[in-house]
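Okay, coords18.txt now, which holds compact mmCIF, C-alpha atoms:
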```txt
# COMPACT_ATOMS: atom_id res chain seq x y z
CA MET A 1 84.01 79.02 123.88
CA ASN A 2 82.85 79.66 120.33
CA PHE A 3 85.14 81.24 117.79
CA GLY A 4 84.08 82.45 114.37
CA ALA A 5 86.53 81.57 111.65
CA VAL A 6 86.90 82.30 107.96
CA VAL A 7 88.84 79.99 105.69
CA ASP A 8 89.97 81.22 102.28
CA VAL A 9 90.92 78.42 99.93
CA MET A 10 92.63 79.34 96.67
CA LEU A 11 94.39 77.31 94.01
CA LYS A 12 98.15 77.65 94.39
CA PRO A 13 99.95 79.97 91.97
CA GLY A 14 100.81 78.05 88.82
CA ILE A 15 97.86 75.69 89.11
CA ALA A 16 95.48 76.27 86.20
CA ASP A 17 92.21 77.88 87.27
CA PRO A 18 89.66 77.19 84.50
CA GLN A 19 86.87 78.97 86.35
CA GLY A 20 88.94 82.13 86.73
CA GLN A 21 90.11 81.93 83.12
CA THR A 22 86.54 81.62 81.89
CA VAL A 23 85.48 84.69 83.87
CA GLU A 24 88.50 86.61 82.60
CA ARG A 25 87.81 85.71 78.98
CA ALA A 26 84.15 86.66 79.28
CA LEU A 27 84.66 90.10 80.84
CA PRO A 28 85.88 92.06 77.77
CA ALA A 29 82.79 91.02 75.78
CA LEU A 30 80.64 92.20 78.69
CA GLY A 31 82.22 95.64 78.65
CA TYR A 32 85.00 95.24 81.20
CA ALA A 33 88.40 95.52 79.64
CA GLY A 34 91.49 95.81 81.83
CA VAL A 35 90.60 93.03 84.23
CA GLU A 36 93.22 90.34 84.64
CA GLY A 37 94.57 87.75 87.02
CA VAL A 38 91.12 86.42 87.89
CA ARG A 39 91.29 83.51 90.35
CA VAL A 40 88.22 81.89 91.83
CA GLY A 41 88.39 80.09 95.15
CA LYS A 42 86.28 79.21 98.15
CA ARG A 43 85.42 81.11 101.28
CA ILE A 44 84.18 79.01 104.19
CA GLU A 45 82.70 80.60 107.31
CA LEU A 46 82.20 78.53 110.43
CA THR A 47 81.94 78.62 114.19
CA VAL A 48 84.17 76.32 116.18
CA ASP A 49 84.07 75.38 119.84
CA ALA A 50 87.54 75.51 121.42
CA GLY A 51 89.28 76.52 124.63
CA THR A 52 91.56 79.20 123.26
CA PRO A 53 91.93 81.14 120.00
CA GLU A 54 95.14 79.16 119.29
CA GLU A 55 93.26 75.88 119.72
CA ALA A 56 90.47 77.10 117.45
CA ARG A 57 92.94 78.11 114.76
CA GLU A 58 94.76 74.78 115.00
CA LEU A 59 91.50 72.83 114.77
CA VAL A 60 90.41 74.72 111.66
CA ALA A 61 93.84 74.34 110.05
CA GLU A 62 93.64 70.60 110.69
CA MET A 63 90.22 70.42 109.05
CA CYS A 64 91.63 72.34 106.08
CA ASN A 65 94.55 69.96 105.70
CA ARG A 66 92.27 66.95 105.98
CA PHE A 67 89.30 67.89 103.83
CA LEU A 68 88.33 71.53 103.48
CA ALA A 69 91.23 72.11 101.12
CA ASN A 70 93.39 69.93 98.93
CA PRO A 71 96.92 70.84 100.13
CA VAL A 72 98.46 69.43 96.96
CA ILE A 73 96.93 72.10 94.73
CA GLU A 74 95.31 74.57 97.10
CA SER A 75 96.57 76.94 99.76
CA TYR A 76 94.38 78.12 102.60
CA ASN A 77 94.32 80.95 105.04
CA VAL A 78 92.53 80.84 108.40
CA THR A 79 91.26 84.07 109.96
CA LEU A 80 89.64 84.13 113.38
CA LEU A 81 86.88 86.73 113.70
CA MET B 1 96.79 102.03 87.38
CA ASN B 2 96.27 98.45 88.48
CA PHE B 3 94.42 97.64 91.66
CA GLY B 4 94.21 94.22 93.23
CA ALA B 5 90.76 93.38 94.53
CA VAL B 6 89.18 90.54 96.46
CA VAL B 7 85.49 89.80 96.20
CA ASP B 8 83.81 87.63 98.82
CA VAL B 9 80.46 86.28 97.71
CA MET B 10 78.29 84.54 100.31
CA LEU B 11 74.68 83.40 100.30
CA LYS B 12 72.52 85.83 102.26
CA PRO B 13 71.49 84.83 105.78
CA GLY B 14 68.33 82.76 105.61
CA ILE B 15 69.10 81.36 102.17
CA ALA B 16 69.66 77.60 102.44
CA ASP B 17 73.30 76.61 101.90
CA PRO B 18 73.29 72.88 101.00
CA GLN B 19 77.07 72.79 100.55
CA GLY B 20 77.66 74.24 104.00
CA GLN B 21 75.06 71.94 105.55
CA THR B 22 76.69 68.91 103.98
CA VAL B 23 80.09 69.89 105.37
CA GLU B 24 78.56 70.55 108.79
CA ARG B 25 76.80 67.19 108.86
CA ALA B 26 79.94 65.34 107.82
CA LEU B 27 82.29 66.88 110.39
CA PRO B 28 81.14 65.01 113.55
CA ALA B 29 81.67 61.64 111.86
CA LEU B 30 85.16 62.81 110.90
CA GLY B 31 86.04 63.63 114.48
CA TYR B 32 85.16 67.31 114.66
CA ALA B 33 82.27 67.98 116.99
CA GLY B 34 81.40 71.52 117.99
CA VAL B 35 81.56 73.02 114.54
CA GLU B 36 78.46 74.87 113.43
CA GLY B 37 77.20 77.63 111.18
CA VAL B 38 79.19 76.40 108.19
CA ARG B 39 78.58 78.54 105.11
CA VAL B 40 80.43 78.03 101.86
CA GLY B 41 80.86 80.89 99.41
CA LYS B 42 83.20 82.16 96.73
CA ARG B 43 86.34 84.22 96.89
CA ILE B 44 87.35 85.94 93.66
CA GLU B 45 90.73 87.64 93.29
CA LEU B 46 91.35 89.94 90.36
CA THR B 47 93.37 92.88 89.12
CA VAL B 48 91.51 95.81 87.64
CA ASP B 49 92.77 98.80 85.68
CA ALA B 50 91.26 102.08 86.94
CA GLY B 51 92.17 105.69 87.57
CA THR B 52 91.52 105.83 91.29
CA PRO B 53 90.81 103.33 94.10
CA GLU B 54 87.19 104.57 94.21
CA GLU B 55 86.82 103.93 90.49
CA ALA B 56 88.29 100.46 90.90
CA ARG B 57 85.95 99.62 93.74
CA GLU B 58 82.95 100.89 91.78
CA LEU B 59 83.92 98.88 88.71
CA VAL B 60 84.27 95.67 90.72
CA ALA B 61 80.97 96.31 92.54
CA GLU B 62 79.27 96.77 89.17
CA MET B 63 80.71 93.47 87.92
CA CYS B 64 79.44 91.80 91.10
CA ASN B 65 75.95 93.17 90.64
CA ARG B 66 75.89 92.14 87.00
CA PHE B 67 77.41 88.67 87.06
CA LEU B 68 79.98 87.78 89.71
CA ALA B 69 77.23 87.49 92.30
CA ASN B 70 73.49 86.96 92.23
CA PRO B 71 72.22 89.93 94.24
CA VAL B 72 68.86 88.22 94.81
CA ILE B 73 70.35 85.50 97.00
CA GLU B 74 74.00 86.49 97.52
CA SER B 75 75.75 89.36 99.22
CA TYR B 76 79.24 90.43 98.25
CA ASN B 77 82.03 92.39 99.78
CA VAL B 78 84.78 94.12 97.80
CA THR B 79 88.20 94.66 99.36
CA LEU B 80 90.96 96.54 97.56
CA LEU B 81 94.45 95.22 98.30
```

What do you get writing this file as structure tokens?
Amino acid sequence: MNFGAVVDVMLKPGIADPQGQTVERALPALGYAGVEGVRVGKRIELTVDAGTPEEARELVAEMCNRFLANPVIESYNVTLL
Amino acid sequence: MNFGAVVDVMLKPGIADPQGQTVERALPALGYAGVEGVRVGKRIELTVDAGTPEEARELVAEMCNRFLANPVIESYNVTLL
């Protein structure tokens, strides 16, 4: 059975996020004051073949731990659709 | 008032996604068959200062149209937290 899954990968709190900082610094000059806490991460959508939703979630989490995310500096969140 | 917002930016359907294709092609060799439709996009978290939730959403959508996303090839989705 096919399950759609979404993986959100974000840098852990406390890990510097240069991409987010650059966006945040640029916004005031572009006319958007009052924007803060910008963090930029990845969103990965995929379809996985598994027997049960639990199996699908486990499979995706395993892929995240192994190579979709870097568990040292990134946290991830798996959502089944 | 501060509103937390999440912006998901994905390439539109039909637009080639080389990053997703590369991940998809690599997975079988890494032991994960049965994964398909891999698409890789961006997730942007931010806090915006606005009067009302509607105003916050509109402000973030405007930022997306102007520079957080490329509306020609990307679609975005704004979620207020």

Residue list for chain A near chain B as a PyMOL selection string, 10 Å, all atoms listed in the file: chain A and resi 1-10+20+23-24+27+30-50+59-60+62-63+66-68

Length of the atom CA of Val72 of chain B to atom CA of Gly14 of chain B vector [Å]: 12.1 Å

Between atom CA of Ser75 of chain A and atom CA of Ile15 of chain A - distance in Å to one decimal: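 Atom-to-atom, atom CA of Ile15 of chain A to atom CA of Ser75 of chain A, that is 10.8 Å.
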
Between atom CA of Ala69 of chain B and atom CA of Lys12 of chain B - distance in Å to one decimal: 11.1 Å

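When only C-alpha atoms are used to measure the gap to Glu58 of chain A, the shortest distance among A:Leu80, A:Ile73, A:Ala26, A:Ala16 belongs to A:Leu80.
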